[in-house]
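Chemist: This is the content of input-v3.cif (mmCIF, C-alpha atoms):
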```
data_final
loop_
_atom_site.label_atom_id
_atom_site.label_comp_id
_atom_site.auth_asym_id
_atom_site.auth_seq_id
_atom_site.Cartn_x
_atom_site.Cartn_y
_atom_site.Cartn_z
CA MET A 18 -11.22 -3.87 11.67
CA GLN A 19 -14.04 -2.79 9.37
CA GLN A 20 -13.94 0.49 7.53
CA ARG A 21 -16.88 2.86 7.16
CA THR A 22 -17.96 2.22 3.58
CA ALA A 23 -20.72 4.75 2.80
CA GLU A 24 -18.31 7.29 1.27
CA TRP A 25 -16.71 4.53 -0.83
CA LEU A 26 -19.77 2.60 -2.03
CA ASP A 27 -22.87 4.79 -1.93
CA LYS A 28 -23.57 5.74 -5.56
CA ASP A 29 -24.94 9.13 -4.47
CA LYS A 30 -21.81 9.96 -2.47
CA VAL A 31 -19.00 8.67 -4.70
CA ASN A 32 -17.58 11.55 -6.76
CA ARG A 33 -17.27 9.95 -10.21
CA ASP A 34 -15.91 13.14 -11.76
CA TYR A 35 -12.97 13.00 -9.33
CA HIS A 36 -11.94 9.73 -11.00
CA ASP A 37 -12.97 10.56 -14.57
CA ARG A 38 -11.09 13.84 -14.90
CA GLN A 39 -7.79 12.24 -13.89
CA PHE A 40 -7.88 10.07 -17.01
CA ARG A 41 -8.18 13.24 -19.08
CA GLU A 42 -5.50 15.16 -17.18
CA PRO A 43 -3.40 13.65 -14.37
CA TYR A 44 -3.18 15.68 -11.20
CA ARG A 45 -0.04 17.72 -10.62
CA SER A 46 0.49 15.68 -7.47
CA THR A 47 0.47 12.43 -9.47
CA ILE A 48 3.16 13.71 -11.81
CA ALA A 49 5.21 15.10 -8.92
CA PHE A 50 4.85 11.85 -6.98
CA CYS A 51 6.28 9.86 -9.90
CA ASN A 52 9.08 12.41 -10.29
CA TRP A 53 9.92 11.92 -6.63
CA LEU A 54 9.76 8.11 -6.84
CA GLU A 55 12.45 8.33 -9.51
CA THR A 56 14.55 10.73 -7.41
CA ALA A 57 14.17 8.39 -4.42
CA GLY A 58 15.53 5.52 -6.50
CA LEU A 59 12.37 3.41 -6.34
CA VAL A 60 11.38 3.46 -10.01
CA ALA A 61 13.12 4.09 -13.33
CA ARG A 62 11.73 4.78 -16.78
CA GLU A 63 13.08 1.50 -18.15
CA GLY A 64 12.44 -0.61 -15.06
CA GLY A 65 10.27 -3.72 -15.25
CA LEU A 66 8.64 -3.60 -11.82
CA ARG A 67 5.33 -5.05 -10.65
CA ILE A 68 3.32 -2.33 -8.89
CA LEU A 69 0.15 -2.55 -6.81
CA ASP A 70 -1.98 0.58 -6.43
CA MET A 71 -3.94 0.31 -3.20
CA CYS A 72 -7.39 1.93 -3.22
CA SER A 73 -6.99 2.69 -6.91
CA GLY A 74 -10.47 3.95 -7.75
CA ALA A 75 -11.06 3.62 -11.49
CA GLY A 76 -7.32 3.28 -12.18
CA ALA A 77 -6.40 6.72 -13.52
CA ASN A 78 -3.10 6.77 -11.63
CA ILE A 79 -1.87 3.43 -12.95
CA TYR A 80 -3.04 4.51 -16.41
CA TYR A 81 -0.70 7.49 -16.15
CA MET A 82 2.09 5.35 -14.72
CA SER A 83 1.71 2.74 -17.46
CA LYS A 84 2.32 5.39 -20.12
CA ARG A 85 5.29 6.77 -18.22
CA TYR A 86 6.75 3.33 -17.40
CA PRO A 87 5.88 1.08 -20.35
CA LYS A 88 7.91 -1.91 -19.08
CA MET A 89 6.11 -2.12 -15.75
CA SER A 90 2.91 -4.00 -14.92
CA PHE A 91 0.18 -2.64 -12.66
CA ILE A 92 -2.70 -3.98 -10.60
CA GLY A 93 -5.13 -1.68 -8.83
CA VAL A 94 -7.29 -2.82 -5.92
CA ASP A 95 -10.42 -0.97 -4.84
CA ILE A 96 -13.50 -1.80 -2.78
CA ASN A 97 -15.89 -0.16 -5.26
CA ALA A 98 -16.85 -2.78 -7.87
CA ASP A 99 -18.43 -0.15 -10.16
CA LEU A 100 -15.20 1.83 -10.36
CA VAL A 101 -13.22 -1.37 -10.95
CA GLU A 102 -15.51 -2.33 -13.82
CA GLN A 103 -15.35 1.20 -15.26
CA GLY A 104 -11.56 1.16 -15.24
CA ASN A 105 -11.21 -2.33 -16.70
CA VAL A 106 -13.62 -1.47 -19.52
CA PHE A 107 -11.50 1.59 -20.29
CA PHE A 108 -8.27 -0.43 -20.29
CA GLN A 109 -9.78 -3.06 -22.59
CA SER A 110 -11.31 -0.52 -24.96
CA THR A 111 -7.98 1.27 -25.35
CA GLY A 112 -5.91 -1.89 -25.70
CA ILE A 113 -3.95 -1.39 -22.47
CA GLN A 114 -2.62 -4.76 -21.37
CA ASP A 115 -0.29 -3.92 -18.49
CA CYS A 116 -3.04 -2.55 -16.19
CA ARG A 117 -5.94 -4.30 -14.54
CA LEU A 118 -8.19 -3.63 -11.56
CA GLU A 119 -9.52 -6.06 -8.97
CA VAL A 120 -12.14 -5.70 -6.24
CA GLY A 121 -10.66 -5.90 -2.77
CA ASP A 122 -10.95 -4.50 0.75
CA ILE A 123 -7.77 -3.15 2.32
CA TYR A 124 -8.90 -4.63 5.66
CA ASN A 125 -9.23 -8.10 4.15
CA LEU A 126 -6.78 -8.41 1.26
CA ASP A 127 -6.37 -11.55 -0.82
CA PRO A 128 -3.31 -13.51 0.47
CA ARG A 129 -2.20 -14.15 -3.11
CA TYR A 130 -0.92 -10.56 -3.17
CA VAL A 131 1.74 -11.37 -0.56
CA SER A 132 5.31 -11.10 -1.94
CA GLU A 133 3.98 -10.55 -5.47
CA PHE A 134 4.92 -6.90 -5.93
CA ASP A 135 8.08 -4.87 -6.10
CA GLY A 136 6.24 -1.82 -4.82
CA VAL A 137 2.90 -0.73 -3.36
CA VAL A 138 1.66 2.81 -3.97
CA SER A 139 -1.34 4.65 -2.60
CA PHE A 140 -2.42 8.04 -3.88
CA GLN A 141 -4.24 10.45 -1.55
CA THR A 142 -6.18 7.75 0.29
CA LEU A 143 -4.60 7.06 3.69
CA ASN A 144 -6.31 10.06 5.29
CA TRP A 145 -9.83 9.03 4.31
CA PHE A 146 -9.86 6.03 6.69
CA PRO A 147 -10.94 6.27 10.35
CA GLU A 148 -7.24 5.86 11.28
CA PHE A 149 -4.02 5.19 9.40
CA LYS A 150 -2.30 2.35 11.24
CA ALA A 151 -4.45 -0.56 10.02
CA PRO A 152 -4.22 0.43 6.31
CA LEU A 153 -0.43 0.84 6.60
CA GLU A 154 -0.17 -2.53 8.32
CA ALA A 155 -2.25 -4.14 5.57
CA MET A 156 0.15 -2.80 2.93
CA ALA A 157 3.16 -3.94 4.94
CA LYS A 158 1.76 -7.45 5.28
CA LEU A 159 1.93 -7.81 1.50
CA ARG A 160 5.75 -7.72 1.86
CA PRO A 161 6.51 -5.62 -1.22
CA GLY A 162 10.01 -4.31 -1.79
CA TRP A 163 8.80 -0.83 -0.86
CA ILE A 164 5.72 1.20 0.06
CA ALA A 165 5.15 4.76 -1.20
CA VAL A 166 2.21 6.95 -0.24
CA SER A 167 0.96 10.48 -0.81
CA ALA A 168 -0.88 11.68 2.28
CA LEU A 169 -1.81 14.58 4.53
CA LEU A 170 0.96 14.66 7.14
CA TYR A 171 2.28 16.88 9.91
CA ASN A 172 6.02 16.78 10.62
CA GLY A 173 5.57 16.63 14.37
CA PRO A 174 4.17 14.39 17.13
CA VAL A 175 0.52 15.27 16.48
CA SER A 176 -2.20 13.48 14.51
CA CYS A 177 -5.68 14.91 13.87
CA THR A 178 -8.93 13.02 13.31
CA ILE A 179 -11.17 15.20 11.15
CA ASP A 180 -14.64 13.96 10.16
CA ILE A 181 -16.24 16.41 7.74
CA THR A 182 -19.93 16.84 6.90
CA GLU A 183 -21.19 18.71 3.83
CA TYR A 184 -24.68 20.23 3.61
CA ASP A 185 -27.07 21.00 0.78
CA ASP A 186 -28.85 24.33 0.14
CA ASP A 187 -31.37 23.47 2.88
CA LEU A 188 -28.50 22.77 5.28
CA GLU A 189 -29.30 19.07 5.37
CA PRO A 190 -26.33 16.68 5.60
CA THR A 191 -25.37 15.23 2.22
CA ARG A 192 -21.88 13.76 2.54
CA SER A 193 -19.42 12.87 5.28
CA GLY A 194 -15.86 11.63 5.21
CA PHE A 195 -12.53 11.70 6.97
CA TYR A 196 -9.85 14.29 6.17
CA ASN A 197 -7.39 13.15 8.82
CA VAL A 198 -3.84 14.49 9.17
CA CYS A 199 -1.29 11.89 10.28
CA SER A 200 1.83 12.46 12.34
CA LEU A 201 4.85 11.92 10.08
CA PRO A 202 7.10 10.61 12.89
CA VAL A 203 4.40 8.19 14.03
CA VAL A 204 3.87 6.92 10.48
CA ARG A 205 7.62 6.41 10.18
CA LYS A 206 7.78 4.52 13.49
CA HIS A 207 4.84 2.35 12.45
CA LEU A 208 6.41 1.42 9.12
CA GLU A 209 9.75 0.67 10.77
CA GLY A 210 7.93 -1.59 13.24
CA ASP A 211 6.50 -3.50 10.29
CA GLY A 212 9.99 -3.98 8.82
CA PHE A 213 10.13 -1.04 6.39
CA ARG A 214 13.10 1.27 6.83
CA ASP A 215 15.20 3.52 4.59
CA PHE A 216 12.44 6.06 5.18
CA GLN A 217 12.26 9.09 2.87
CA PHE A 218 9.82 11.98 2.68
CA THR A 219 9.27 15.33 1.02
CA PRO A 220 6.47 17.91 1.16
CA PHE A 221 4.49 18.41 -2.04
CA GLU A 222 4.14 22.02 -3.10
CA ILE A 223 1.82 22.46 -6.05
CA ASP A 224 3.13 24.56 -8.96
CA VAL A 225 -0.15 25.85 -10.38
CA ASP A 226 -2.95 28.06 -9.09
CA LEU A 227 -6.28 26.38 -8.36
CA PRO A 228 -9.32 28.69 -8.09
CA LYS A 229 -11.50 28.69 -5.02
CA PRO A 230 -14.87 27.11 -5.87
CA GLY A 231 -17.99 29.17 -5.35
CA HIS A 232 -20.01 26.39 -3.71
CA GLY A 233 -18.00 26.44 -0.47
CA LEU A 234 -17.86 22.64 -0.20
CA MET A 235 -14.79 20.43 0.03
CA SER A 236 -12.72 21.00 -3.11
CA THR A 237 -9.02 21.79 -3.39
CA TYR A 238 -7.92 25.35 -4.13
CA THR A 239 -4.72 27.32 -3.53
CA GLU A 240 -3.75 30.48 -1.68
CA LYS A 241 -0.49 32.16 -2.68
CA LEU A 242 1.96 33.37 -0.05
CA GLU A 243 4.16 36.47 -0.33
CA ASP A 244 7.20 34.31 -1.13
CA GLY A 245 5.37 32.71 -4.09
CA ARG A 246 4.64 29.37 -2.44
CA ARG A 247 1.11 28.01 -2.60
CA LEU A 248 -0.94 26.56 0.22
CA GLN A 249 -3.53 23.95 -0.69
CA ARG A 250 -6.88 24.15 1.05
CA SER A 251 -10.16 22.28 0.81
CA GLY A 252 -13.20 23.91 2.33
CA PRO A 253 -12.00 25.20 5.73
CA LEU A 254 -8.99 22.88 5.95
CA LEU A 255 -5.30 23.24 5.17
CA MET A 256 -4.03 20.31 3.05
CA PRO A 257 -0.41 19.53 4.03
CA TRP A 258 0.48 16.94 1.38
CA TYR A 259 3.65 14.86 1.67
CA PHE A 260 5.19 12.01 -0.26
CA ILE A 261 6.66 9.21 1.86
CA ALA A 262 8.38 5.92 1.04
CA ALA A 263 10.09 3.09 2.92
CA ARG A 264 11.86 -0.06 1.79
CA GLN A 265 11.40 -3.49 3.28
CA SER A 266 14.39 -4.10 5.55
CA SER A 267 15.60 -7.12 3.57
CA ALA A 268 15.57 -4.98 0.40
CA ALA A 269 17.18 -1.90 1.95
CA SER A 270 20.82 -1.12 2.39
CA GLY A 271 20.57 -1.58 6.15
CA SER A 272 20.80 2.05 7.26
CA THR A 273 18.14 4.72 7.31
CA SER A 274 18.75 7.34 4.62
CA SER A 275 18.54 11.06 5.12
CA PRO A 276 15.08 12.51 4.41
CA ALA A 277 14.47 13.90 0.96
CA SER A 278 13.79 17.59 0.74
#
```
How would this structure read if it were set down as structure tokens?

Modeler:
Amino acid sequence: MQQRTAEWLDKDKVNRDYHDRQFREPYRSTIAFCNWLETAGLVAREGGLRILDMCSGAGANIYYMSKRYPKMSFIGVDINADLVEQGNVFFQSTGIQDCRLEVGDIYNLDPRYVSEFDGVVSFQTLNWFPEFKAPLEAMAKLRPGWIAVSALLYNGPVSCTIDITEYDDDLEPTRSGFYNVCSLPVVRKHLEGDGFRDFQFTPFEIDVDLPKPGHGLMSTYTEKLEDGRRLQRSGPLLMPWYFIAARQSSAASGSTSSPAS
């Protein structure tokens, strides 16, 4: 299967600031995701794991993880060669030796990645593909010890395919992309079918207020509920973020654990 690549490769459509600002200040979701990986027993501060970040962009997430987990090593794979070069130049200029980026397509991954990693992570990317099953299968085929993903999910038997279009001031189309919401039970079933069990999940609830942008385009902001919880939205859409993880059956204890909450 071939992915639609315009939103990933077109220089006029790739949001470079989205990648750049995460080097300066990691997203709250990135920090919370790592907190949860520790709670789930997948990573530890002193652990010496080998981690692959799938669809890594310029590598801001593995940069954060490398500082948090100094004994681990990280490889990021992304289809955008410009972002890969940008990230590698940053790593080299700052003397970071445990992170590197490589160009790769999730639909046609290099076989040398198979059985080379303790864990595969993917931050906020699964929903931007035309569908989620092929990317999950590609990660599973690498046979890591575990897979952990942050994604837009619905805890019910419904998935939504959402293809957004943004317009300029003249109401001419400028950017399109998927903002799909995946069914959590279906994702779980798919991972279990690929040999990954011990499934865990938890919703991500952001702990800071994000202002609503004035331009009206796709950009995350929060709305506060009466009970103090915050909903994340982007443009007209609700953003139901979850963290999920599953262990390869041979690496798991043999029984499915209770979901995290």

Chemist: Would you mind listing what lies within 10 Å of Asp127 of chain A as a ChimeraX atom specification, with all atoms listed in the file counted and same-chain residues fewer than 6 positions away left out?

Modeler: /A:120-121,159

Chemist: Neighbouring residues of segment 42-48 of chain A were defined as those with any atom within 8 Å, considering all atoms listed in the file; residues of the same chain fewer than 5 positions away were excluded. Please report them as an MDAnalysis selection string.

Modeler: chainID A and resid 77:78 81 140 221 223:224

Chemist: Would you list the contacts of Leu59 of chain A as a ChimeraX atom specification, taking every protein, DNA or RNA residue within 8 Å and counting only C-alpha atoms, but skipping same-chain residues closer than 4 positions in sequence?

Modeler: /A:54-55,163

Chemist: Given the PyMOL selection byres ((chain A and resi 174) around 8) and the file above, list the residues it selects as a CSV table (one decimal) with C-alpha atoms, in the coordinates of the input.

Modeler:
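Just written: result.csv:
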```csv
chain,number,residue,atom,x,y,z
A,171,TYR,CA,2.3,16.9,9.9
A,172,ASN,CA,6.0,16.8,10.6
A,173,GLY,CA,5.6,16.6,14.4
A,175,VAL,CA,0.5,15.3,16.5
A,176,SER,CA,-2.2,13.5,14.5
A,200,SER,CA,1.8,12.5,12.3
A,201,LEU,CA,4.8,11.9,10.1
A,202,PRO,CA,7.1,10.6,12.9
A,203,VAL,CA,4.4,8.2,14.0
```

Chemist: Kindly provide, as a list in words, the polymer residues lying within 8 Å of (-7.4, -1.2, -7.7), counting all atoms listed in the file and using the coordinates exactly as they appear in the file.

Modeler: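 The distance filter leaves exactly Leu69, Asp70, Met71, Cys72, Ser73, Gly74, Ala75, Gly76, Ile92, Gly93, Val94, Asp95, Ile96, Val101, Arg117, Leu118, Glu119, Val120 and Gly121 of chain A.
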
Chemist: Hey, what's within 7 Å of segment 208-213 of chain A if we count all atoms listed in the file and toss same-chain stuff fewer than 6 positions away? As a PyMOL selection string, please?

Modeler: chain A and resi 157+263-266

Chemist: Pick out the residues sitting within 12 Å of Ile113 of chain A, and hand them over as a PDB file with C-alpha atoms, in the coordinates of the input; count all atoms listed in the file, and ignore anything fewer than 3 positions along from it in its own chain.

Modeler:
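Output file out-v2.pdb follows:
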```
ATOM      1  CA  GLY A  76      -7.320   3.280 -12.180  1.00  0.00           C
ATOM      2  CA  ILE A  79      -1.870   3.430 -12.950  1.00  0.00           C
ATOM      3  CA  TYR A  80      -3.040   4.510 -16.410  1.00  0.00           C
ATOM      4  CA  TYR A  81      -0.700   7.490 -16.150  1.00  0.00           C
ATOM      5  CA  MET A  82       2.090   5.350 -14.720  1.00  0.00           C
ATOM      6  CA  SER A  83       1.710   2.740 -17.460  1.00  0.00           C
ATOM      7  CA  LYS A  84       2.320   5.390 -20.120  1.00  0.00           C
ATOM      8  CA  PRO A  87       5.880   1.080 -20.350  1.00  0.00           C
ATOM      9  CA  SER A  90       2.910  -4.000 -14.920  1.00  0.00           C
ATOM     10  CA  PHE A  91       0.180  -2.640 -12.660  1.00  0.00           C
ATOM     11  CA  GLY A 104     -11.560   1.160 -15.240  1.00  0.00           C
ATOM     12  CA  ASN A 105     -11.210  -2.330 -16.700  1.00  0.00           C
ATOM     13  CA  VAL A 106     -13.620  -1.470 -19.520  1.00  0.00           C
ATOM     14  CA  PHE A 107     -11.500   1.590 -20.290  1.00  0.00           C
ATOM     15  CA  PHE A 108      -8.270  -0.430 -20.290  1.00  0.00           C
ATOM     16  CA  GLN A 109      -9.780  -3.060 -22.590  1.00  0.00           C
ATOM     17  CA  SER A 110     -11.310  -0.520 -24.960  1.00  0.00           C
ATOM     18  CA  CYS A 116      -3.040  -2.550 -16.190  1.00  0.00           C
ATOM     19  CA  ARG A 117      -5.940  -4.300 -14.540  1.00  0.00           C
ATOM     20  CA  LEU A 118      -8.190  -3.630 -11.560  1.00  0.00           C
TER      21      LEU A 118
END
```

Chemist: With the cut-off set at 12 Å and counting only C-alpha atoms, tabulate each residue of segment 225-264 of chain A with an atom at most that distance from an atom of segment 189-196 of chain A, showing the nearest atom pair and its distance in Å to one decimal, ordered by chain and increasing number, as JSON lines.

Modeler:
```
{"residue": "A:Leu234", "atom": "CA", "partner": "A:Arg192", "partner_atom": "CA", "distance": 10.1}
{"residue": "A:Met235", "atom": "CA", "partner": "A:Tyr196", "partner_atom": "CA", "distance": 10.0}
{"residue": "A:Ser236", "atom": "CA", "partner": "A:Tyr196", "partner_atom": "CA", "distance": 11.8}
{"residue": "A:Arg250", "atom": "CA", "partner": "A:Tyr196", "partner_atom": "CA", "distance": 11.5}
{"residue": "A:Ser251", "atom": "CA", "partner": "A:Tyr196", "partner_atom": "CA", "distance": 9.6}
{"residue": "A:Gly252", "atom": "CA", "partner": "A:Tyr196", "partner_atom": "CA", "distance": 10.9}
{"residue": "A:Pro253", "atom": "CA", "partner": "A:Tyr196", "partner_atom": "CA", "distance": 11.1}
{"residue": "A:Leu254", "atom": "CA", "partner": "A:Tyr196", "partner_atom": "CA", "distance": 8.6}
{"residue": "A:Leu255", "atom": "CA", "partner": "A:Tyr196", "partner_atom": "CA", "distance": 10.1}
{"residue": "A:Met256", "atom": "CA", "partner": "A:Tyr196", "partner_atom": "CA", "distance": 8.9}
{"residue": "A:Pro257", "atom": "CA", "partner": "A:Tyr196", "partner_atom": "CA", "distance": 11.0}
{"residue": "A:Trp258", "atom": "CA", "partner": "A:Tyr196", "partner_atom": "CA", "distance": 11.7}
```

Chemist: How many Å separate atom CA of Leu126 of chain A from atom CA of Ser267 of chain A?

Modeler: 22.5 Å

Chemist: For Arg160 of chain A, which residue among A:Gly136, A:Gly65, A:Gly112, A:Pro147 is the nearest when counting only C-alpha atoms?

Modeler: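 The answer is A:Gly136, which sits nearest to Arg160 of chain A.
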